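Okay, structure first, notes after.
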Amino acid sequence: MNRIVLFFFFAVVSLTVEGQNGGDGEDGLSLPVAHQALFKAGKSWHYMKTRKVGEDLEHLRAIVDTTYVSLTVLGDTLVDGLQCWKVNWETPDTSYLHSIWHEDGMLVYLIDQEKGNRKELVFDFTPMRGSHLPDFGSRWSLNAIDVVECWGCYYNRYYYLHADGGSDEPLLVCGIGTFNGIENRAGLYGGWNTFQFRGCYDGDDLIFSPGDFFKEASSVGNPNSLINELADGIVYDLQGRRVGQGNKMTEYQGNKLPKGIYIQNGRKFVVK
């Protein structure tokens, strides 16, 4: 398969620097300059689903059925005025609308249509030390962030530390999801019933494989550049875009910032 890779230059920096303490007791980690969106039309996550369907007692072995599944972004739609993304479940034999998602900058929600289109937070890509992934529970908390490069594209990689100690693991990558993508995020299946992530694709092109979660961190960028920007009071929105600078967090070039959530000096603040 021919691959056409478009290389863009991103000012990507190291993201493992501690910020100032937030008012809620959490530490801010430095914010990435570039953030990869999770959803776009044509993007898909591929899985191998295996389940036990019987036993061969004569040979003392299980009989398993294996199916290859892809979750594909069909396109966008409006739900209660919000721009959302439709994700389809596809196997060689079936195809149906699987889920609807809403991506608000660095916060990603699953829309629960059975509960009146209630938004349920699934992924939080904001760089706040101590934040949790809902599917993993409060015993896993964000500890550090770095950058990994795949096919000329840079992704922010989030490490979560377990409350019992031990080494932290890169459980989350922006634009990709957890080590299980966007489905079966906590890896709840076991034994012969498995749902294994096999890669994330943009159209026909593989952009991220399971092994890429554990690649060596990228050294692109100057780690000190973002430190200096944070110290100078740079203000970012939740999409990682630089929107202002100054001592007054609620102002930008003399004008009040629009309502929303912003990050400055490693801390989140709200403009009402």
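Residue numbering restarts at 1 for every chain of the structure tokens, chains are lettered A, B, ... in their displayed order, and ligands are numbered from 1 as they appear.
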
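By only C-alpha atoms, and with residues fewer than 4 positions from Asp112 in chain A along its chain excluded, the set lying at most 10 Å from it is Ser99, Ile100, Trp101, Gly116, Asn117, Arg118, Lys119 and Glu120 of chain A.
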
Could those selected residues go to a file with all heavy atoms, as a PDB file, in the first residue's frame?
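Heads up, here's the output in selection-v1.pdb:
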```
ATOM      1  N   SER A  99     -22.143   4.575  18.417  1.00  0.00           N
ATOM      2  CA  SER A  99     -22.103   5.580  19.471  1.00  0.00           C
ATOM      3  C   SER A  99     -21.993   6.969  18.865  1.00  0.00           C
ATOM      4  O   SER A  99     -21.655   7.136  17.693  1.00  0.00           O
ATOM      5  CB  SER A  99     -20.918   5.325  20.414  1.00  0.00           C
ATOM      6  OG  SER A  99     -19.709   5.222  19.675  1.00  0.00           O
ATOM      7  N   ILE A 100     -22.281   7.974  19.712  1.00  0.00           N
ATOM      8  CA  ILE A 100     -22.171   9.373  19.313  1.00  0.00           C
ATOM      9  C   ILE A 100     -21.297  10.087  20.341  1.00  0.00           C
ATOM     10  O   ILE A 100     -21.488   9.912  21.552  1.00  0.00           O
ATOM     11  CB  ILE A 100     -23.549  10.042  19.197  1.00  0.00           C
ATOM     12  CG1 ILE A 100     -24.357   9.368  18.072  1.00  0.00           C
ATOM     13  CG2 ILE A 100     -23.417  11.536  18.933  1.00  0.00           C
ATOM     14  CD1 ILE A 100     -25.744   9.930  17.898  1.00  0.00           C
ATOM     15  N   TRP A 101     -20.356  10.884  19.869  1.00  0.00           N
ATOM     16  CA  TRP A 101     -19.380  11.536  20.731  1.00  0.00           C
ATOM     17  C   TRP A 101     -19.390  13.040  20.511  1.00  0.00           C
ATOM     18  O   TRP A 101     -19.698  13.516  19.417  1.00  0.00           O
ATOM     19  CB  TRP A 101     -17.977  11.015  20.424  1.00  0.00           C
ATOM     20  CG  TRP A 101     -17.779   9.552  20.654  1.00  0.00           C
ATOM     21  CD1 TRP A 101     -18.245   8.528  19.880  1.00  0.00           C
ATOM     22  CD2 TRP A 101     -17.058   8.933  21.723  1.00  0.00           C
ATOM     23  NE1 TRP A 101     -17.868   7.318  20.389  1.00  0.00           N
ATOM     24  CE2 TRP A 101     -17.128   7.533  21.521  1.00  0.00           C
ATOM     25  CE3 TRP A 101     -16.347   9.419  22.815  1.00  0.00           C
ATOM     26  CZ2 TRP A 101     -16.517   6.620  22.376  1.00  0.00           C
ATOM     27  CZ3 TRP A 101     -15.734   8.525  23.670  1.00  0.00           C
ATOM     28  CH2 TRP A 101     -15.829   7.146  23.453  1.00  0.00           C
ATOM     29  N   GLY A 116     -31.447  10.810  27.743  1.00  0.00           N
ATOM     30  CA  GLY A 116     -31.740  12.167  27.324  1.00  0.00           C
ATOM     31  C   GLY A 116     -30.550  12.918  26.764  1.00  0.00           C
ATOM     32  O   GLY A 116     -30.417  14.123  26.989  1.00  0.00           O
ATOM     33  N   ASN A 117     -29.683  12.219  26.040  1.00  0.00           N
ATOM     34  CA  ASN A 117     -28.495  12.820  25.437  1.00  0.00           C
ATOM     35  C   ASN A 117     -27.552  13.425  26.481  1.00  0.00           C
ATOM     36  O   ASN A 117     -26.901  14.447  26.237  1.00  0.00           O
ATOM     37  CB  ASN A 117     -28.880  13.877  24.401  1.00  0.00           C
ATOM     38  CG  ASN A 117     -29.594  13.284  23.204  1.00  0.00           C
ATOM     39  OD1 ASN A 117     -29.376  12.128  22.843  1.00  0.00           O
ATOM     40  ND2 ASN A 117     -30.466  14.065  22.578  1.00  0.00           N
ATOM     41  N   ARG A 118     -27.466  12.768  27.611  1.00  0.00           N
ATOM     42  CA  ARG A 118     -26.562  13.244  28.662  1.00  0.00           C
ATOM     43  C   ARG A 118     -25.109  13.033  28.248  1.00  0.00           C
ATOM     44  O   ARG A 118     -24.759  11.996  27.687  1.00  0.00           O
ATOM     45  CB  ARG A 118     -26.830  12.504  29.974  1.00  0.00           C
ATOM     46  CG  ARG A 118     -26.037  13.076  31.164  1.00  0.00           C
ATOM     47  CD  ARG A 118     -26.425  12.388  32.437  1.00  0.00           C
ATOM     48  NE  ARG A 118     -25.940  11.011  32.501  1.00  0.00           N
ATOM     49  CZ  ARG A 118     -26.187  10.180  33.509  1.00  0.00           C
ATOM     50  NH1 ARG A 118     -26.950  10.590  34.518  1.00  0.00           N
ATOM     51  NH2 ARG A 118     -25.710   8.947  33.489  1.00  0.00           N
ATOM     52  N   LYS A 119     -24.266  14.030  28.517  1.00  0.00           N
ATOM     53  CA  LYS A 119     -22.838  13.927  28.195  1.00  0.00           C
ATOM     54  C   LYS A 119     -22.104  13.227  29.334  1.00  0.00           C
ATOM     55  O   LYS A 119     -22.240  13.609  30.491  1.00  0.00           O
ATOM     56  CB  LYS A 119     -22.230  15.316  27.979  1.00  0.00           C
ATOM     57  CG  LYS A 119     -22.779  16.074  26.788  1.00  0.00           C
ATOM     58  CD  LYS A 119     -21.916  17.284  26.462  1.00  0.00           C
ATOM     59  CE  LYS A 119     -21.716  18.185  27.645  1.00  0.00           C
ATOM     60  NZ  LYS A 119     -20.876  19.362  27.311  1.00  0.00           N
ATOM     61  N   GLU A 120     -21.322  12.209  28.999  1.00  0.00           N
ATOM     62  CA  GLU A 120     -20.512  11.502  29.982  1.00  0.00           C
ATOM     63  C   GLU A 120     -19.039  11.651  29.610  1.00  0.00           C
ATOM     64  O   GLU A 120     -18.616  11.222  28.538  1.00  0.00           O
ATOM     65  CB  GLU A 120     -20.906  10.022  30.042  1.00  0.00           C
ATOM     66  CG  GLU A 120     -22.339   9.793  30.501  1.00  0.00           C
ATOM     67  CD  GLU A 120     -22.689   8.325  30.635  1.00  0.00           C
ATOM     68  OE1 GLU A 120     -21.839   7.479  30.249  1.00  0.00           O
ATOM     69  OE2 GLU A 120     -23.792   8.018  31.113  1.00  0.00           O
TER      70      GLU A 120
END
```

Which residues of range 104-209 of chain A sit at most 12 Å from range 69-82 of chain A, using only C-alpha atoms? Give each one's shortest atom pair and distance in Å (one decimal place), in chain and ascending residue order, as JSON lines.
```
{"residue": "A:Asp104", "atom": "CA", "partner": "A:Leu82", "partner_atom": "CA", "distance": 9.5}
{"residue": "A:Tyr109", "atom": "CA", "partner": "A:Leu82", "partner_atom": "CA", "distance": 11.3}
{"residue": "A:Leu110", "atom": "CA", "partner": "A:Val79", "partner_atom": "CA", "distance": 11.6}
{"residue": "A:Ile111", "atom": "CA", "partner": "A:Val79", "partner_atom": "CA", "distance": 8.7}
{"residue": "A:Asp112", "atom": "CA", "partner": "A:Val79", "partner_atom": "CA", "distance": 10.8}
{"residue": "A:Gln113", "atom": "CA", "partner": "A:Val79", "partner_atom": "CA", "distance": 9.5}
{"residue": "A:Gly116", "atom": "CA", "partner": "A:Asp80", "partner_atom": "CA", "distance": 9.8}
{"residue": "A:Asn117", "atom": "CA", "partner": "A:Val79", "partner_atom": "CA", "distance": 7.6}
{"residue": "A:Arg118", "atom": "CA", "partner": "A:Asp80", "partner_atom": "CA", "distance": 10.0}
{"residue": "A:Lys119", "atom": "CA", "partner": "A:Val79", "partner_atom": "CA", "distance": 10.6}
{"residue": "A:Asn180", "atom": "CA", "partner": "A:Leu71", "partner_atom": "CA", "distance": 11.9}
{"residue": "A:Gly181", "atom": "CA", "partner": "A:Leu71", "partner_atom": "CA", "distance": 9.7}
{"residue": "A:Ile182", "atom": "CA", "partner": "A:Leu71", "partner_atom": "CA", "distance": 8.6}
{"residue": "A:Glu183", "atom": "CA", "partner": "A:Leu71", "partner_atom": "CA", "distance": 8.4}
{"residue": "A:Asn184", "atom": "CA", "partner": "A:Leu71", "partner_atom": "CA", "distance": 11.8}
{"residue": "A:Phe195", "atom": "CA", "partner": "A:Val69", "partner_atom": "CA", "distance": 9.1}
{"residue": "A:Gln196", "atom": "CA", "partner": "A:Val69", "partner_atom": "CA", "distance": 9.7}
{"residue": "A:Phe197", "atom": "CA", "partner": "A:Val69", "partner_atom": "CA", "distance": 9.5}
{"residue": "A:Arg198", "atom": "CA", "partner": "A:Ser70", "partner_atom": "CA", "distance": 9.6}
{"residue": "A:Gly199", "atom": "CA", "partner": "A:Ser70", "partner_atom": "CA", "distance": 9.6}
{"residue": "A:Cys200", "atom": "CA", "partner": "A:Ser70", "partner_atom": "CA", "distance": 9.3}
{"residue": "A:Tyr201", "atom": "CA", "partner": "A:Thr72", "partner_atom": "CA", "distance": 9.1}
{"residue": "A:Asp202", "atom": "CA", "partner": "A:Thr72", "partner_atom": "CA", "distance": 9.6}
{"residue": "A:Gly203", "atom": "CA", "partner": "A:Thr72", "partner_atom": "CA", "distance": 9.2}
{"residue": "A:Asp204", "atom": "CA", "partner": "A:Thr72", "partner_atom": "CA", "distance": 11.5}
```

Can you pull out every residue within 7 Å of Leu142 in chain A, counting only C-alpha atoms, but drop anything in the same chain fewer than 5 positions away, and send it as a CSV table (one decimal) with C-alpha atoms, in the first residue's frame?
```csv
chain,number,residue,atom,x,y,z
A,129,ARG,CA,-1.7,16.3,37.5
A,130,GLY,CA,-3.9,14.1,39.6
A,131,SER,CA,-6.9,14.0,37.1
A,132,HIS,CA,-8.4,10.6,36.5
A,158,TYR,CA,-0.2,10.8,29.3
A,159,TYR,CA,1.2,8.6,32.1
A,160,TYR,CA,-1.1,7.5,35.0
A,161,LEU,CA,0.3,6.4,38.3
```

The residue from A:Glu114, A:Glu55, A:Glu103, A:Asp93 with the smallest atom-to-atom distance to Gly175 in chain A, counting only C-alpha atoms, is A:Glu103

For Val270 in chain A, please output as an MDAnalysis selection string all residues within 7 Å (counting only C-alpha atoms; exclusion window: fewer than 5 positions along the same chain).
chainID A and resid 260:262

Output C-alpha atoms for every residue in that selection, as a CSV table (one decimal), in the first residue's frame.
```
chain,number,residue,atom,x,y,z
A,260,GLY,CA,-14.9,29.5,28.7
A,261,ILE,CA,-12.1,27.5,30.4
A,262,TYR,CA,-8.5,28.5,29.9
```

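Restricting the calculation to only C-alpha atoms, the smallest distance between Lys49 in chain A and any of A:Asp164, A:Thr194, A:Cys84, A:Gly177 is found for A:Thr194.
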
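For the pair CA of Leu257 in chain A and CA of Val271 in chain A, the interatomic distance is 7.0 Å.
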
Using DSSP secondary structure from the backbone, list all strand (DSSP E or B) positions within range 22-221 of chain A, as a ChimeraX atom specification.
/A:27-29,43-56,61-79,82-90,95-104,107-112,118-124,128,140-150,153-162,169-173,177-178,181,194-202,205-208

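Take CA of Gly187 in chain A and CA of Gly137 in chain A: the distance between them is 12.9 Å.
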
Given the choices A:Ser209, A:Asn156, A:Asn143, A:Thr126, which gets closest to Asp237 in chain A if the distance is worked out from only C-alpha atoms?
A:Thr126
